[in-house]
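Undergrad: Dropping a structure here in structure tokens format, bear with me for questions.
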Amino acid sequence: MKILESQPKLVEQVHKAILSEIAEGKLKAGSRIIQEQIAQELGVSRQPVQQSLVLLKNQGVLIDAPGRGLQVAPLNLELIRQMYEVRAVLEGLVFRKAAENFSETAKKRAEKLLAAGRQAVTKASVRDLISADMAFHSFFYELADNPIITQSMETQWVNTQRVMGSVLLSADKPRDIWDEHEVMLGLVAAGEAAKAERLARTHIEEAASFMIERLSEQIAENAS
């Protein structure tokens with residue numbers, strides 16, 4: 001972890017830094033969380049670390065450790081399945097609303113996000129792949145112009161990062177989702193709201209099947 005500069009959103013930064021360590025497999029399921037160590041590595045006081053840990057516990061990323069303290073929670077396949085079921089519906093709504101609100105300015109921004117995603121695939125960096133995917137989908141949440149959707153997705157994105165990280169770390173080659181992202185963008189840009197909604201839902205449902213299958217394989221391997 002790199003030392004963080006003091007900023008108003010320090011708790012947010014600490015939360016992001018800890019979550020990245022978990023998503024990238026540096027803090028694995030069952031790993032104990034040591035406040036003092038994290039504070040020292042990030043160059044911050046214990047207070048923002050403590051607040052971030054409370055938030056991560058509330059989001060299901062951390063659980064109480066035996067005795068005292070916290071540890072990284074194991075991934076729950078049934079919870080992941082349910083999470084993606086909800087996300088598929090929300091993403092469909094997002095892309096339908098985005099198609100109704102699209103503009104040429106938005107198209108230019110989206111094309112930059114596509115380019116960043118393809119570059120992340122080339123680099124095969126877990127952090128960059130997760131960041132690029134989040135940025136692409138978050139852009140369409142913004143276009144949908146419905147703050148309830150964004151709020152509803154906050155905890156889901158936290159856990160999605162863990163799922164993506166776990167699968168990406170075990171893959172020989174990252175799954176390239178950016179051709180499909182480009183098609184989704186094309187439908188939104190063309191104002192094809194119904195088609196954009198259907199493809200967005202299918203996109204998430206297929207991602208869920210892929211992720212759960214890979215995670216099931218990991219669990220089976222670890223048990224053998």
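Letters A, B, ... go to the chains of the structure tokens in the order shown; residues in each chain start at 1; ligands are counted from 1 in the same order.
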What's around range 208-215 of chain A at 9 Å? Count only C-alpha atoms, leave out sequence neighbours fewer than 3 positions away in its own chain, and write the answer as a list in words.

TA: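 Near neighbours after the sequence-gap exclusion: Leu75, Leu77, Ile80, Arg81, Tyr84, Glu85, Val163, Met164, Ser166, Val167, Ser170, Ala171, His203, Ile204, Glu205, Gln218, Ile219 and Ala220 of chain A.
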
Undergrad: Just write the chosen residues, N, CA and C atoms, as a PDB file, in the first residue's frame.

TA:
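Generated output (result_34.pdb):
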ATOM      1  N   LEU A  75     -16.237 -15.548   0.456  1.00  0.00           N
ATOM      2  CA  LEU A  75     -17.262 -15.244  -0.537  1.00  0.00           C
ATOM      3  C   LEU A  75     -18.396 -16.246  -0.419  1.00  0.00           C
ATOM      4  N   LEU A  77     -21.427 -17.885  -2.329  1.00  0.00           N
ATOM      5  CA  LEU A  77     -21.921 -18.057  -3.692  1.00  0.00           C
ATOM      6  C   LEU A  77     -23.402 -17.723  -3.827  1.00  0.00           C
ATOM      7  N   ILE A  80     -23.809 -14.032  -3.817  1.00  0.00           N
ATOM      8  CA  ILE A  80     -23.331 -13.486  -5.094  1.00  0.00           C
ATOM      9  C   ILE A  80     -24.384 -13.672  -6.176  1.00  0.00           C
ATOM     10  N   ARG A  81     -24.985 -14.851  -6.215  1.00  0.00           N
ATOM     11  CA  ARG A  81     -26.039 -15.132  -7.201  1.00  0.00           C
ATOM     12  C   ARG A  81     -27.201 -14.151  -7.027  1.00  0.00           C
ATOM     13  N   TYR A  84     -26.230 -10.561  -8.187  1.00  0.00           N
ATOM     14  CA  TYR A  84     -26.237 -10.370  -9.639  1.00  0.00           C
ATOM     15  C   TYR A  84     -27.662 -10.384 -10.209  1.00  0.00           C
ATOM     16  N   GLU A  85     -28.577 -11.105  -9.578  1.00  0.00           N
ATOM     17  CA  GLU A  85     -29.982 -11.083 -10.013  1.00  0.00           C
ATOM     18  C   GLU A  85     -30.541  -9.663  -9.910  1.00  0.00           C
ATOM     19  N   VAL A 163     -15.482 -10.219  -6.117  1.00  0.00           N
ATOM     20  CA  VAL A 163     -15.765 -11.345  -7.009  1.00  0.00           C
ATOM     21  C   VAL A 163     -14.889 -11.265  -8.248  1.00  0.00           C
ATOM     22  N   MET A 164     -14.846 -10.092  -8.870  1.00  0.00           N
ATOM     23  CA  MET A 164     -14.037  -9.908 -10.079  1.00  0.00           C
ATOM     24  C   MET A 164     -12.567 -10.188  -9.797  1.00  0.00           C
ATOM     25  N   SER A 166     -11.170 -12.043  -7.446  1.00  0.00           N
ATOM     26  CA  SER A 166     -10.922 -13.465  -7.200  1.00  0.00           C
ATOM     27  C   SER A 166     -10.876 -14.254  -8.501  1.00  0.00           C
ATOM     28  N   VAL A 167     -11.799 -13.957  -9.418  1.00  0.00           N
ATOM     29  CA  VAL A 167     -11.850 -14.678 -10.698  1.00  0.00           C
ATOM     30  C   VAL A 167     -10.684 -14.282 -11.589  1.00  0.00           C
ATOM     31  N   SER A 170      -7.288 -15.873 -10.815  1.00  0.00           N
ATOM     32  CA  SER A 170      -7.138 -17.294 -11.124  1.00  0.00           C
ATOM     33  C   SER A 170      -7.175 -17.581 -12.625  1.00  0.00           C
ATOM     34  N   ALA A 171      -7.441 -16.546 -13.437  1.00  0.00           N
ATOM     35  CA  ALA A 171      -7.585 -16.759 -14.880  1.00  0.00           C
ATOM     36  C   ALA A 171      -6.239 -16.672 -15.591  1.00  0.00           C
ATOM     37  N   HIS A 203     -26.021  -9.236 -20.375  1.00  0.00           N
ATOM     38  CA  HIS A 203     -24.597  -9.036 -20.086  1.00  0.00           C
ATOM     39  C   HIS A 203     -24.281  -9.376 -18.625  1.00  0.00           C
ATOM     40  N   ILE A 204     -25.112  -8.889 -17.718  1.00  0.00           N
ATOM     41  CA  ILE A 204     -24.895  -9.141 -16.293  1.00  0.00           C
ATOM     42  C   ILE A 204     -25.207 -10.587 -15.939  1.00  0.00           C
ATOM     43  N   GLU A 205     -26.258 -11.140 -16.517  1.00  0.00           N
ATOM     44  CA  GLU A 205     -26.621 -12.537 -16.239  1.00  0.00           C
ATOM     45  C   GLU A 205     -25.519 -13.496 -16.696  1.00  0.00           C
ATOM     46  N   GLN A 218     -12.938 -22.888  -7.907  1.00  0.00           N
ATOM     47  CA  GLN A 218     -11.917 -22.535  -6.908  1.00  0.00           C
ATOM     48  C   GLN A 218     -12.211 -23.194  -5.568  1.00  0.00           C
ATOM     49  N   ILE A 219     -13.479 -23.145  -5.163  1.00  0.00           N
ATOM     50  CA  ILE A 219     -13.866 -23.723  -3.882  1.00  0.00           C
ATOM     51  C   ILE A 219     -13.615 -25.231  -3.886  1.00  0.00           C
ATOM     52  N   ALA A 220     -13.949 -25.887  -5.009  1.00  0.00           N
ATOM     53  CA  ALA A 220     -13.748 -27.328  -5.138  1.00  0.00           C
ATOM     54  C   ALA A 220     -12.272 -27.691  -5.081  1.00  0.00           C
TER      55      ALA A 220
END

Undergrad: Can you tell me, as an MDAnalysis selection string, which residues in range 91-200 of chain A count as helix (DSSP H, G or I) by DSSP?

TA: chainID A and resid 91:100 104:123 126:144 147:170 178:189 193:200

Undergrad: Within range 4-203 of chain A, find each residue whose DSSP state, derived from the backbone, is strand (DSSP E), and express the selection as a PyMOL selection string.

TA: chain A and resi 32-33+62-64+70-72

Undergrad: Can you work out which one of A:Arg87, A:His15, A:Lys57, A:Arg32 has the shortest atom-to-atom distance to Met153 in chain A, counting only C-alpha atoms?

TA: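 The shortest atom-to-atom distance to Met153 in chain A comes from A:Arg87.
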
Undergrad: Applying 10 Å and only C-alpha atoms, which residues near Val126 in chain A remain after dropping the ones on its own chain fewer than 3 positions away? List them as a PyMOL selection string.

TA: chain A and resi 20+23-25+120-121+123+129-132+161+164-169+174

Undergrad: Since we have the selection now, will you write its residues out, keeping N, CA and C atoms, as a short mmCIF file (atom, residue, chain, number, x, y, z; two decimals), in the first residue's frame?

TA:
data_model
loop_
_atom_site.label_atom_id
_atom_site.label_comp_id
_atom_site.auth_asym_id
_atom_site.auth_seq_id
_atom_site.Cartn_x
_atom_site.Cartn_y
_atom_site.Cartn_z
N SER A 20 -9.14 -2.62 -2.29
CA SER A 20 -8.25 -3.00 -3.40
C SER A 20 -7.31 -4.13 -2.98
N ALA A 23 -9.50 -7.23 -3.05
CA ALA A 23 -9.86 -7.62 -4.41
C ALA A 23 -8.67 -8.19 -5.18
N GLU A 24 -7.47 -7.70 -4.88
CA GLU A 24 -6.27 -8.15 -5.58
C GLU A 24 -5.64 -9.37 -4.91
N GLY A 25 -6.30 -9.90 -3.89
CA GLY A 25 -5.82 -11.12 -3.26
C GLY A 25 -4.68 -10.94 -2.29
N ALA A 120 -6.64 -1.96 -20.51
CA ALA A 120 -6.54 -2.75 -19.28
C ALA A 120 -6.45 -4.23 -19.58
N VAL A 121 -7.20 -4.69 -20.60
CA VAL A 121 -7.14 -6.10 -21.00
C VAL A 121 -5.74 -6.44 -21.50
N LYS A 123 -2.93 -4.97 -20.67
CA LYS A 123 -1.99 -4.95 -19.54
C LYS A 123 -2.22 -6.12 -18.58
N LEU A 129 -8.29 -3.60 -14.65
CA LEU A 129 -9.47 -4.25 -15.23
C LEU A 129 -10.72 -3.94 -14.42
N ILE A 130 -10.61 -4.03 -13.10
CA ILE A 130 -11.74 -3.73 -12.23
C ILE A 130 -12.11 -2.25 -12.33
N SER A 131 -11.10 -1.39 -12.29
CA SER A 131 -11.33 0.05 -12.35
C SER A 131 -12.00 0.46 -13.66
N ALA A 132 -11.54 -0.12 -14.78
CA ALA A 132 -12.10 0.23 -16.09
C ALA A 132 -13.55 -0.22 -16.20
N GLN A 161 -16.37 -6.05 -6.77
CA GLN A 161 -14.91 -5.93 -6.91
C GLN A 161 -14.20 -7.16 -6.36
N MET A 164 -14.85 -10.09 -8.87
CA MET A 164 -14.04 -9.91 -10.08
C MET A 164 -12.57 -10.19 -9.80
N GLY A 165 -12.07 -9.66 -8.67
CA GLY A 165 -10.67 -9.86 -8.33
C GLY A 165 -10.32 -11.31 -8.16
N SER A 166 -11.17 -12.04 -7.45
CA SER A 166 -10.92 -13.46 -7.20
C SER A 166 -10.88 -14.25 -8.50
N VAL A 167 -11.80 -13.96 -9.42
CA VAL A 167 -11.85 -14.68 -10.70
C VAL A 167 -10.68 -14.28 -11.59
N LEU A 168 -10.39 -12.99 -11.65
CA LEU A 168 -9.30 -12.51 -12.51
C LEU A 168 -7.95 -13.05 -12.07
N LEU A 169 -7.75 -13.17 -10.77
CA LEU A 169 -6.47 -13.66 -10.26
C LEU A 169 -6.22 -15.11 -10.64
N PRO A 174 -7.50 -12.76 -19.03
CA PRO A 174 -8.72 -12.07 -18.63
C PRO A 174 -9.82 -12.22 -19.68
#

Undergrad: Near Phe95 in chain A, counting only C-alpha atoms, which residues have an atom at most 10 Å away, once you skip same-chain residues fewer than 6 positions from it, shown as a list in words?

TA: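 Near Phe95 in chain A, the qualifying residues are Asn101, His137, Phe140, Tyr141, Leu143, Ala144, Met184, Leu185, Leu187, Val188, Glu192, Ala193, Ala194, Lys195, Ala196, Glu197, Arg198, Leu199, Ala200 and Arg201 of chain A.
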
Undergrad: Smallest atom-to-atom distance to Lys112 in chain A: which of A:Glu182, A:Gln71, A:Glu21, A:Ile63, using only C-alpha atoms?

TA: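 Nearest to Lys112 in chain A: A:Glu182.
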
Undergrad: To one decimal place in Å, what is the distance between CA of Ile148 in chain A and CA of Asp179 in chain A?

TA: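 The value is 28.6 Å.
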
Undergrad: What lies within 8 Å of Pro48 in chain A using only C-alpha atoms, ignoring chain neighbours under 5 positions off, as a ChimeraX atom specification?

TA: /A:10-11,14

Undergrad: Tell me, as a list in words, which residues lie within 10 Å of Gln47 in chain A, counting only C-alpha atoms; anything in the same chain fewer than 4 positions away does not count.

TA: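 With the cut-off at 10 Å, the set is Val11, Gln35, Ala39, Gln51, Ser52 and Leu53 of chain A.
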
Undergrad: Generate the output file for the selected residues, C-alpha atoms, as a PDB file, in the first residue's frame.

TA:
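Result went into result_2.pdb, see below:
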ATOM      1  CA  VAL A  11     -12.100   7.635   5.039  1.00  0.00           C
ATOM      2  CA  GLN A  35      -5.698  -1.462  12.325  1.00  0.00           C
ATOM      3  CA  ALA A  39      -2.680   2.978   9.449  1.00  0.00           C
ATOM      4  CA  GLN A  51     -14.302   4.141  10.292  1.00  0.00           C
ATOM      5  CA  SER A  52     -13.431   2.361   7.044  1.00  0.00           C
ATOM      6  CA  LEU A  53     -13.414  -1.030   8.762  1.00  0.00           C
TER       7      LEU A  53
END

Undergrad: Go through A:Lys26, A:Arg68, A:Arg109, A:Lys9 and flag the residue nearest Glu142 in chain A, using only C-alpha atoms for the distances.

TA: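 Going through A:Lys26, A:Arg68, A:Arg109, A:Lys9 one by one, the smallest distance to Glu142 in chain A is for A:Arg109.
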
Undergrad: When you draw a straight line from CA of Thr155 in chain A to CA of Ala110 in chain A, how long is it in Å?

TA: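 Taking CA of Thr155 in chain A as the start and CA of Ala110 in chain A as the end point, the length is 23.9 Å.
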